[in-house]
file start-v6.txt (compact mmCIF, C-alpha atoms)
# COMPACT_ATOMS: atom_id res chain seq x y z
CA MET A 1 0.00 0.00 0.00
CA THR A 2 1.40 3.36 -0.97
CA ALA A 3 1.36 6.35 1.34
CA ILE A 4 -1.28 7.93 -0.88
CA ASP A 5 -3.50 4.84 -0.57
CA ALA A 6 -3.15 4.92 3.22
CA VAL A 7 -4.17 8.58 3.41
CA ALA A 8 -7.10 7.98 1.07
CA GLN A 9 -8.25 5.03 3.17
CA ARG A 10 -8.24 7.16 6.31
CA LEU A 11 -9.99 10.10 4.64
CA THR A 12 -12.70 8.20 2.79
CA PRO A 13 -15.08 7.73 5.75
CA ARG A 14 -14.68 11.39 6.69
CA LEU A 15 -15.25 12.50 3.11
CA LEU A 16 -18.33 10.32 2.91
CA ALA A 17 -19.65 11.77 6.14
CA CYS A 18 -19.00 15.29 4.88
CA ALA A 19 -20.72 14.56 1.58
CA LEU A 20 -23.76 13.13 3.36
CA ALA A 21 -23.93 16.16 5.64
CA LEU A 22 -23.73 18.49 2.65
CA LEU A 23 -26.46 16.57 0.86
CA ALA A 24 -28.73 16.75 3.91
CA GLN A 25 -28.09 20.48 4.21
CA ALA A 26 -28.85 20.97 0.51
CA ALA A 27 -32.11 19.07 0.90
CA ARG A 28 -33.14 21.26 3.83
CA ALA A 29 -32.14 24.38 1.91
CA GLY A 30 -34.26 23.17 -1.00
CA ASP A 31 -37.29 23.14 1.28
CA ASP A 32 -36.40 26.64 2.38
CA ALA A 33 -35.35 28.11 -0.94
CA THR A 34 -38.37 30.35 -0.65
CA ALA A 35 -40.01 31.56 2.52
CA PRO A 36 -43.71 30.87 3.03
CA TRP A 37 -45.86 33.77 1.83
CA TYR A 38 -45.95 36.51 4.40
CA GLY A 39 -47.03 40.12 4.56
CA LEU A 40 -48.41 42.77 6.87
CA ALA A 41 -52.10 42.87 7.65
CA ASP A 42 -53.89 46.05 8.64
CA LEU A 43 -57.04 45.01 10.46
CA PRO A 44 -59.22 48.05 11.09
CA ARG A 45 -62.34 48.21 13.17
CA PRO A 46 -65.23 45.91 12.22
CA GLY A 47 -66.99 46.95 9.06
CA ARG A 48 -63.88 48.09 7.23
CA ALA A 49 -61.80 45.97 4.88
CA VAL A 50 -58.62 44.31 6.00
CA GLN A 51 -55.62 45.26 3.85
CA LEU A 52 -52.72 42.93 3.15
CA TYR A 53 -49.34 44.36 2.14
CA ALA A 54 -46.68 42.25 0.41
CA PRO A 55 -44.12 42.60 -2.40
CA ALA A 56 -45.51 42.55 -5.91
CA ALA A 57 -44.16 39.15 -6.90
CA ALA A 58 -45.72 37.30 -3.99
CA SER A 59 -48.96 35.42 -4.63
CA ALA A 60 -51.01 34.86 -1.49
CA PRO A 61 -52.72 31.54 -0.73
CA ALA A 62 -56.46 31.42 -0.10
CA ALA A 63 -56.17 31.40 3.70
CA LEU A 64 -53.54 33.02 5.85
CA ALA A 65 -52.74 32.54 9.50
CA PHE A 66 -51.76 35.66 11.40
CA VAL A 67 -50.05 36.90 14.54
CA GLN A 68 -51.11 40.20 16.09
CA LEU A 69 -48.27 42.69 16.44
CA ALA A 70 -50.31 45.53 17.92
CA PRO A 71 -51.97 46.40 20.16
CA LEU A 72 -49.47 44.55 22.30
CA GLY A 73 -51.07 41.86 24.40
CA THR A 74 -50.19 41.02 27.95
CA GLY A 75 -49.29 37.40 27.19
CA PRO A 76 -47.42 35.51 24.48
CA ALA A 77 -48.48 36.03 20.87
CA THR A 78 -50.67 33.32 19.33
CA VAL A 79 -51.28 32.11 15.79
CA ARG A 80 -54.81 32.85 14.65
CA CYS A 81 -56.82 31.62 11.70
CA CYS A 82 -57.53 32.97 9.12
CA LEU A 83 -57.47 35.97 6.81
CA ARG A 84 -58.87 35.31 3.34
CA PRO A 85 -57.48 37.51 0.54
CA GLN A 86 -60.06 39.07 -1.72
CA GLY A 87 -60.03 41.16 -4.88
CA ARG A 88 -57.06 42.11 -7.01
CA ALA A 89 -53.72 43.31 -5.79
CA GLN A 90 -52.84 46.90 -6.59
CA THR A 91 -49.96 49.25 -5.91
CA ALA A 92 -49.86 50.03 -2.21
CA ASP A 93 -50.84 53.49 -1.04
CA GLU A 94 -47.45 54.96 -0.09
CA ALA A 95 -49.11 57.31 2.36
CA ARG A 96 -50.08 54.24 4.38
CA ALA A 97 -47.47 51.53 3.85
CA SER A 98 -44.16 51.01 2.10
CA LEU A 99 -41.09 48.82 2.02
CA LEU A 100 -37.92 50.67 2.94
CA GLY A 101 -34.52 50.42 1.34
CA THR A 102 -31.75 52.76 0.30
CA ASP A 103 -30.78 54.51 -2.93
CA ASP A 104 -28.10 51.83 -3.37
CA ASN A 105 -30.45 48.99 -2.48
CA PRO A 106 -33.97 50.00 -3.45
CA PRO A 107 -36.85 47.93 -2.03
CA PRO A 108 -39.23 45.89 -4.17
CA ALA A 109 -42.58 47.44 -5.04
CA LEU A 110 -45.28 46.89 -2.45
CA GLN A 111 -48.80 45.84 -3.29
CA GLN A 112 -51.97 45.77 -1.28
CA ARG A 113 -55.18 43.80 -1.55
CA GLY A 114 -58.26 43.34 0.55
CA ALA A 115 -58.96 40.40 2.82
CA ARG A 116 -61.73 39.09 5.01
CA ALA A 117 -61.17 38.83 8.75
CA PRO A 118 -62.32 35.80 10.71
CA ALA A 119 -65.88 35.92 12.02
CA GLY A 120 -66.17 37.79 15.27
CA TRP A 121 -62.84 39.57 14.87
CA ARG A 122 -62.72 42.89 16.66
CA GLY A 123 -60.05 45.29 15.48
CA PRO A 124 -58.21 47.45 15.09
CA ALA A 125 -54.89 45.63 14.95
CA LEU A 126 -51.69 45.29 13.00
CA ALA A 127 -50.61 41.73 12.25
CA LEU A 128 -48.16 39.63 10.31
CA ALA A 129 -50.05 37.26 8.01
CA PHE A 130 -48.43 34.12 6.58
CA ALA A 131 -49.05 30.80 4.92
CA GLY A 132 -49.19 27.71 7.10
CA ARG A 133 -51.56 27.63 10.02
CA ASP A 134 -49.37 24.97 11.67
CA ALA A 135 -46.79 27.67 12.37
CA GLN A 136 -45.65 28.26 15.92
CA VAL A 137 -44.69 31.56 17.44
CA ASP A 138 -42.17 32.30 20.18
CA THR A 139 -42.45 35.68 21.86
CA LEU A 140 -38.97 37.04 22.56
CA SER A 141 -40.11 40.40 23.94
CA PRO A 142 -43.10 42.70 23.46
CA GLN A 143 -41.40 43.96 20.29
CA ALA A 144 -39.90 40.73 18.94
CA LEU A 145 -41.11 37.28 18.04
CA VAL A 146 -40.07 34.30 15.93
CA ILE A 147 -42.37 32.32 13.65
CA ARG A 148 -41.37 28.77 12.71
CA TRP A 149 -42.93 25.91 10.84
CA PRO A 150 -42.67 22.22 11.78
CA GLY A 151 -40.11 20.43 9.59
CA ARG A 152 -38.60 23.57 8.14
CA ALA A 153 -35.25 25.05 9.02
CA LEU A 154 -36.35 28.51 7.96
CA GLN A 155 -37.97 30.78 10.51
CA LEU A 156 -38.92 34.44 10.52
CA LYS A 157 -37.76 36.86 13.16
CA VAL A 158 -40.14 39.80 13.43
CA THR A 159 -39.23 42.98 15.28
CA GLN A 160 -41.18 46.21 15.52
CA CYS A 161 -40.58 49.69 16.86
CA LEU A 162 -42.18 53.12 16.67
CA SER A 163 -40.80 56.19 14.95
CA ARG A 164 -42.51 59.59 15.16
CA GLU A 165 -45.69 58.63 13.36
CA GLY A 166 -45.24 55.14 12.07
CA VAL A 167 -44.32 51.60 12.93
CA HIS A 168 -41.28 49.85 11.48
CA VAL A 169 -41.61 46.09 11.12
CA ARG A 170 -38.53 44.15 10.13
CA VAL A 171 -38.96 40.54 9.04
CA THR A 172 -35.68 38.64 8.91
CA PRO A 173 -35.56 35.07 7.54
CA GLN A 174 -33.22 32.89 9.56
CA GLY A 175 -31.96 29.33 9.48
CA GLY A 176 -32.73 28.38 5.88
CA ALA A 177 -31.47 29.52 2.51
CA PRO A 178 -30.32 33.15 2.64
CA LEU A 179 -33.30 35.41 1.98
CA PRO A 180 -33.46 39.20 2.16
CA GLU A 181 -34.88 41.05 5.12
CA ARG A 182 -38.07 43.03 4.54
CA HIS A 183 -38.42 46.35 6.29
CA TYR A 184 -42.01 47.54 6.32
CA TYR A 185 -43.15 51.00 7.32
CA VAL A 186 -46.77 51.69 8.19
CA ALA A 187 -47.91 55.28 8.72
CA LEU A 188 -50.22 55.46 11.71
CA GLY A 189 -51.95 58.71 10.81
CA MET A 190 -51.11 60.08 14.25
CA ASP A 191 -48.07 60.85 16.34
CA VAL A 192 -46.53 58.46 18.84
CA ASP A 193 -43.57 58.49 21.19
CA PRO A 194 -40.71 56.87 19.28
CA ASP A 195 -38.73 53.92 20.60
CA CYS A 196 -36.83 52.86 17.47
CA PRO A 197 -33.03 52.51 17.60
CA ALA A 198 -30.73 55.10 16.07
CA ASP A 199 -30.19 53.24 12.79
CA ILE A 200 -33.91 53.59 12.05
CA MET A 201 -34.40 57.08 13.45
CA ASN A 202 -31.35 58.52 11.68
CA PRO A 203 -30.47 56.31 8.73
CA ALA A 204 -27.56 57.34 6.53
CA ALA A 205 -29.67 57.14 3.37
CA ARG A 206 -33.15 55.94 2.74
CA ARG A 207 -35.76 55.92 0.06
CA MET B 1 -72.46 71.48 29.54
CA PRO B 2 -69.88 68.72 29.06
CA GLN B 3 -70.72 65.93 26.66
CA LEU B 4 -69.98 62.33 27.57
CA SER B 5 -67.13 60.57 25.83
CA GLY B 6 -68.05 58.30 22.94
CA PRO B 7 -68.25 58.01 19.17
CA VAL B 8 -69.65 61.52 18.68
CA TRP B 9 -66.23 62.98 19.49
CA VAL B 10 -64.34 61.07 16.84
CA GLN B 11 -65.57 63.17 13.93
CA ARG B 12 -64.60 66.42 15.63
CA PHE B 13 -61.25 68.17 15.20
CA PRO B 14 -60.33 66.30 12.01
CA THR B 15 -56.79 66.17 10.62
CA SER B 16 -56.29 68.70 7.84
CA SER B 17 -54.58 68.10 4.53
CA SER B 18 -54.54 71.80 3.62
CA ILE B 19 -51.22 73.63 3.48
CA ALA B 20 -53.08 76.79 4.50
CA ASP B 21 -53.68 75.28 7.95
CA LEU B 22 -49.96 75.11 8.70
CA ALA B 23 -48.13 77.75 10.75
CA PRO B 24 -47.71 80.73 8.40
CA ALA B 25 -43.93 80.60 7.93
CA PHE B 26 -43.92 76.86 7.32
CA ALA B 27 -46.96 77.11 5.03
CA THR B 28 -45.00 79.52 2.84
CA ALA B 29 -41.96 77.24 2.80
CA VAL B 30 -44.07 74.21 1.90
CA SER B 31 -45.96 76.10 -0.82
CA ASN B 32 -42.69 77.19 -2.39
CA PHE B 33 -41.19 73.71 -2.21
CA THR B 34 -44.22 71.87 -3.57
CA GLY B 35 -44.64 74.56 -6.21
CA ALA B 36 -41.08 74.01 -7.39
CA LEU B 37 -41.61 70.26 -7.44
CA ARG B 38 -44.79 70.48 -9.49
CA ALA B 39 -43.25 73.02 -11.85
CA GLY B 40 -40.41 70.58 -12.47
CA GLY B 41 -42.77 67.71 -13.25
CA ALA B 42 -42.93 65.82 -9.95
CA GLY B 43 -46.15 64.67 -8.33
CA VAL B 44 -47.05 65.80 -4.81
CA THR B 45 -49.86 64.28 -2.74
CA VAL B 46 -50.47 65.74 0.71
CA SER B 47 -51.99 63.36 3.25
CA ALA B 48 -51.79 65.39 6.49
CA THR B 49 -50.83 68.84 7.69
CA LEU B 50 -52.31 70.15 10.94
CA ARG B 51 -53.40 67.60 13.50
CA PRO B 52 -55.38 69.66 15.99
CA PRO B 53 -54.08 69.38 19.57
CA GLU B 54 -57.65 68.68 20.61
CA ARG B 55 -57.64 65.56 18.46
CA ALA B 56 -54.34 64.40 19.96
CA TYR B 57 -55.79 64.96 23.44
CA LEU B 58 -58.92 62.96 22.66
CA MET B 59 -56.96 60.10 21.11
CA HIS B 60 -54.40 60.01 23.90
CA TYR B 61 -56.86 59.87 26.78
CA ALA B 62 -59.25 57.53 25.00
CA TRP B 63 -56.29 55.13 24.77
CA ARG B 64 -55.15 55.72 28.35
CA ILE B 65 -58.63 55.08 29.76
CA GLY B 66 -59.65 52.33 27.35
CA ARG B 67 -56.41 50.36 27.04
CA GLU B 68 -54.31 51.35 30.03
CA ASN B 69 -57.03 51.55 32.67
CA LEU B 70 -56.44 55.15 33.60
CA ALA B 71 -59.29 56.21 35.90
CA ALA B 72 -61.58 58.44 33.86
CA GLU B 73 -61.64 60.91 36.76
CA ASP B 74 -57.86 61.35 36.36
CA ALA B 75 -57.99 62.50 32.74
CA PRO B 76 -57.20 66.20 32.75
CA ALA B 77 -59.46 68.72 31.07
CA MET B 78 -58.45 70.59 27.94
CA ALA B 79 -59.64 74.04 27.01
CA GLY B 80 -61.99 73.93 24.06
CA VAL B 81 -62.83 70.23 24.49
CA ASP B 82 -65.90 70.01 26.70
CA ILE B 83 -65.79 66.25 27.15
CA ASP B 84 -66.79 64.33 30.24
CA TRP B 85 -64.75 61.13 30.41
CA VAL B 86 -66.62 59.93 33.52
CA HIS B 87 -69.76 57.93 32.83
CA ARG B 88 -72.10 57.41 35.78
CA ASP B 89 -74.65 54.87 36.89
CA ARG B 90 -78.30 55.64 37.72
CA ARG B 91 -77.37 56.88 41.15
CA GLY B 92 -74.80 59.26 39.77
CA ARG B 93 -71.79 57.28 40.90
CA PRO B 94 -68.80 56.97 38.55
CA ASP B 95 -69.11 53.83 36.41
CA ALA B 96 -65.59 52.72 35.50
CA THR B 97 -66.80 49.98 33.18
CA ALA B 98 -69.01 52.32 31.18
CA SER B 99 -66.27 54.97 31.04
CA ARG B 100 -63.75 52.44 29.77
CA SER B 101 -66.21 51.01 27.24
CA ALA B 102 -66.90 54.46 25.81
CA ALA B 103 -63.18 55.18 25.58
CA LEU B 104 -62.55 51.84 23.87
CA GLY B 105 -65.26 52.67 21.37
CA MET B 106 -63.38 55.85 20.50
CA VAL B 107 -60.09 53.91 20.21
CA GLY B 108 -61.73 51.57 17.72
CA LEU B 109 -63.23 54.35 15.63
CA TYR B 110 -59.95 56.26 15.59
CA ASN B 111 -58.25 53.00 14.52
CA ILE B 112 -55.57 53.33 17.20
CA VAL B 113 -53.19 50.44 17.87
CA TYR B 114 -50.37 52.28 19.69
CA ARG B 115 -50.50 54.92 22.40
CA PRO B 116 -50.93 58.35 20.74
CA ALA B 117 -48.60 61.22 21.66
CA LEU B 118 -50.07 64.37 23.12
CA SER B 119 -48.05 66.83 21.08
CA SER B 120 -45.93 66.86 17.95
CA ARG B 121 -44.85 69.06 15.10
CA HIS B 122 -48.17 68.23 13.44
CA THR B 123 -50.16 69.61 16.38
CA GLU B 124 -48.03 72.77 16.13
CA GLY B 125 -48.69 73.15 12.39
CA ARG B 126 -45.02 72.66 11.66
CA ALA B 127 -45.12 69.33 9.81
CA ILE B 128 -46.59 67.86 6.66
CA ASP B 129 -47.03 64.31 5.38
CA MET B 130 -46.74 64.07 1.63
CA THR B 131 -45.80 61.59 -1.06
CA ILE B 132 -43.52 62.92 -3.80
CA SER B 133 -43.37 60.90 -7.01
CA ASN B 134 -41.73 61.08 -10.43
CA TYR B 135 -38.89 63.30 -9.29
CA SER B 136 -35.87 61.20 -10.19
CA GLY B 137 -33.85 62.51 -13.12
CA LYS B 138 -35.70 65.85 -13.22
CA THR B 139 -34.46 69.37 -12.64
CA PHE B 140 -36.04 71.70 -10.11
CA ALA B 141 -35.45 75.27 -9.00
CA ASP B 142 -34.16 75.42 -5.43
CA ALA B 143 -35.08 78.20 -3.01
CA ASP B 144 -32.53 80.53 -4.65
CA GLY B 145 -33.86 79.72 -8.11
CA SER B 146 -30.84 77.64 -9.07
CA ALA B 147 -31.54 74.65 -11.29
CA THR B 148 -30.92 71.45 -9.33
CA ARG B 149 -30.94 67.98 -10.83
CA VAL B 150 -32.42 65.38 -8.46
CA ARG B 151 -31.69 61.68 -8.90
CA THR B 152 -31.90 60.22 -5.40
CA ALA B 153 -34.01 60.57 -2.30
CA ALA B 154 -31.05 62.17 -0.54
CA GLU B 155 -30.88 64.84 -3.26
CA LEU B 156 -34.62 65.43 -2.94
CA HIS B 157 -34.20 65.94 0.80
CA ALA B 158 -31.37 68.41 0.17
CA LEU B 159 -33.61 70.32 -2.23
CA GLY B 160 -36.35 70.54 0.40
CA GLU B 161 -33.86 71.84 2.91
CA THR B 162 -33.13 74.88 0.77
CA PHE B 163 -36.79 75.85 1.27
CA GLY B 164 -36.75 75.13 5.00
CA VAL B 165 -38.71 71.91 4.57
CA ILE B 166 -36.68 69.26 6.35
CA LYS B 167 -37.06 65.50 5.94
CA LEU B 168 -37.51 63.25 8.93
CA ALA B 169 -35.72 60.16 7.65
CA SER B 170 -37.45 57.71 9.98
CA ASP B 171 -40.91 58.45 8.57
CA PRO B 172 -41.15 58.41 4.77
CA PRO B 173 -44.08 60.83 4.33
CA HIS B 174 -43.00 63.28 7.04
CA TRP B 175 -41.36 66.69 6.54
CA SER B 176 -41.18 69.53 9.04
CA ASP B 177 -39.53 72.85 9.74
CA ASP B 178 -36.78 71.29 11.88
CA GLY B 179 -36.59 67.63 10.87
CA HIS B 180 -38.60 66.40 13.87
call {"tool": "encode", "arguments": {"input": "start-v6.txt", "output": "structure tokens"}}
result
Amino acid sequence: MTAIDAVAQRLTPRLLACALALLAQAARAGDDATAPWYGLADLPRPGRAVQLYAPAAASAPAALAFVQLAPLGTGPATVRCCLRPQGRAQTADEARASLLGTDDNPPPALQQRGARAPAGWRGPALALAFAGRDAQVDTLSPQALVIRWPGRALQLKVTQCLSREGVHVRVTPQGGAPLPERHYYVALGMDVDPDCPADIMNPAARR
Amino acid sequence: MPQLSGPVWVQRFPTSSSIADLAPAFATAVSNFTGALRAGGAGVTVSATLRPPERAYLMHYAWRIGRENLAAEDAPAMAGVDIDWVHRDRRGRPDATASRSAALGMVGLYNIVYRPALSSRHTEGRAIDMTISNYSGKTFADADGSATRVRTAAELHALGETFGVIKLASDPPHWSDDGH
């Protein structure tokens, strides 16, 4: 046996193990190559239409689970069922909601469409709506939560804070294939006491 | 005679979208800025100018009583807003449940999901919310009349500053006389 053969013999099991691990990772990443559909839901008082906000390319399923972001509850957030999209998507009203980016990294266009709230729902509320009613939510703090789906590596971290007259909601995919963060802004139509960090209150450049 | 809190108050003291309702100096600055933008081919849509302090007061205390359990008796009065936050039972005793229910009704009609602030540049007539479109690549006259080519949001904000209309970067529609 040559020295090369001896080295190869020792390395083969490790290489095989590495290859198997890589294959398993690739399979998981395949499941998570795209995040489940998600978007912001503006649930006004009863009698007014729910509005869903999501990037233009996203096509919403017929029923969406949702987690209330505001008003903040006293206990952990829970997954509720269901919002049902209705009507055609149209360009979002920028005076109400937008996706934020920078001049160097402009955000995708945002669209809005109506939806029906579950029977007996009493708004108003702001929520994150998403596909997959089997999702689970972990409340990290009053302003942060994580949404995860059984059997998927990908999860969504959702944080929110207030600026002078709007709420910033950042949705950051974690754990699966790399996906971009979405930074939503919703104008509240009134003034609030801000609690956002400096990078949101005084960004270097924004559009 | 004071009027009990409830839905009737929500339609009063509406938010304005008229530039004329701003403080005079800022109204002039905004008129000049938006005039320059429109003359250069941009679109300007104003969504809010003056938010009356009375409205902010009503929203704030409706939230405090309805959502934060402030005793209705502890809500301070405001000149020009003859509201009675304290509902009473048949014997004339304060009814906390009825007071809170009426306040919650106002919260719902106002569509409030976060605690409203009592004062702001909007209540002072020193802020405007507007959406500016179709500005990129166009040339506008700045406050001195100099032709200024605008390509980016940052350049648009710099143009506004020459008029004394300052962008608040954290809130996309919001401009004011001091950036707050």
call {"tool": "interface_residues", "arguments": {"input": "start-v6.txt", "of": "chain A", "to": "chain B", "cutoff": "7 Å", "atoms": "all atoms listed in the file", "output": "list in words"}}
result
Pro44, Arg45, Ala70, Pro71, Glu94, Ala95, Asp103, Gly123, Pro124, Ala125, Ser163, Arg164, Glu165, Gly166, Met190, Asp191, Val192, Asp193, Ile200, Met201, Asn202, Pro203, Ala205, Arg206 and Arg207 of chain A
call {"tool": "atom_distance", "arguments": {"input": "start-v6.txt", "atom1": "atom CA of Leu104 of chain B", "atom2": "atom CA of Asp93 of chain A"}}
result
27.6 Å
call {"tool": "atom_distance", "arguments": {"input": "start-v6.txt", "atom1": "atom CA of Gln90 of chain A", "atom2": "atom CA of Ala39 of chain B"}}
result
28.3 Å
call {"tool": "residues_near_point", "arguments": {"input": "start-v6.txt", "point": "(-47.1, 42.2, -0.3)", "cutoff": "8 Å", "atoms": "all atoms listed in the file", "output": "list in words"}}
result
Tyr38, Gly39, Leu40, Leu52, Tyr53, Ala54, Pro55, Ala56, Ala57, Ala58, Leu110, Gln111 and Gln112 of chain A
call {"tool": "atom_distance", "arguments": {"input": "start-v6.txt", "atom1": "atom CA of Ala198 of chain A", "atom2": "atom CA of Gly73 of chain A"}}
result
25.7 Å
call {"tool": "residues_around", "arguments": {"input": "start-v6.txt", "residues": "Glu73 of chain B", "least_positions_apart": "3", "cutoff": "10 Å", "atoms": "all atoms listed in the file", "output": "PyMOL selection string"}}
result
chain B and resi 65+70+76-77+84-87+94+96+99
call {"tool": "write_last_selection", "arguments": {"input": "start-v6.txt", "atoms": "C-alpha atoms", "output": "PDB file, keeping the file's coordinate frame"}}
result
ATOM      1  CA  ILE B  65     -58.630  55.080  29.760  1.00  0.00           C
ATOM      2  CA  LEU B  70     -56.440  55.150  33.600  1.00  0.00           C
ATOM      3  CA  PRO B  76     -57.200  66.200  32.750  1.00  0.00           C
ATOM      4  CA  ALA B  77     -59.460  68.720  31.070  1.00  0.00           C
ATOM      5  CA  ASP B  84     -66.790  64.330  30.240  1.00  0.00           C
ATOM      6  CA  TRP B  85     -64.750  61.130  30.410  1.00  0.00           C
ATOM      7  CA  VAL B  86     -66.620  59.930  33.520  1.00  0.00           C
ATOM      8  CA  HIS B  87     -69.760  57.930  32.830  1.00  0.00           C
ATOM      9  CA  PRO B  94     -68.800  56.970  38.550  1.00  0.00           C
ATOM     10  CA  ALA B  96     -65.590  52.720  35.500  1.00  0.00           C
ATOM     11  CA  SER B  99     -66.270  54.970  31.040  1.00  0.00           C
TER      12      SER B  99
END
call {"tool": "residues_around", "arguments": {"input": "start-v6.txt", "residues": "Leu156 of chain B", "least_positions_apart": "3", "cutoff": "12 Å", "atoms": "all atoms listed in the file", "output": "PyMOL selection string"}}
result
(chain A and resi 103+205-207) or (chain B and resi 33-34+36-37+42+131-142+148-153+159-163+165-167+169+175)
call {"tool": "closest_residue", "arguments": {"input": "start-v6.txt", "among": "B:Ala23, B:Val81, B:Asn32, B:Met106", "to": "Val8 of chain B", "atoms": "only C-alpha atoms"}}
result
B:Met106
call {"tool": "residues_around", "arguments": {"input": "start-v6.txt", "residues": "segment 146-158 of chain A", "least_positions_apart": "5", "cutoff": "6 Å", "atoms": "all atoms listed in the file", "output": "PyMOL selection string"}}
result
chain A and resi 32+135-138+170-176
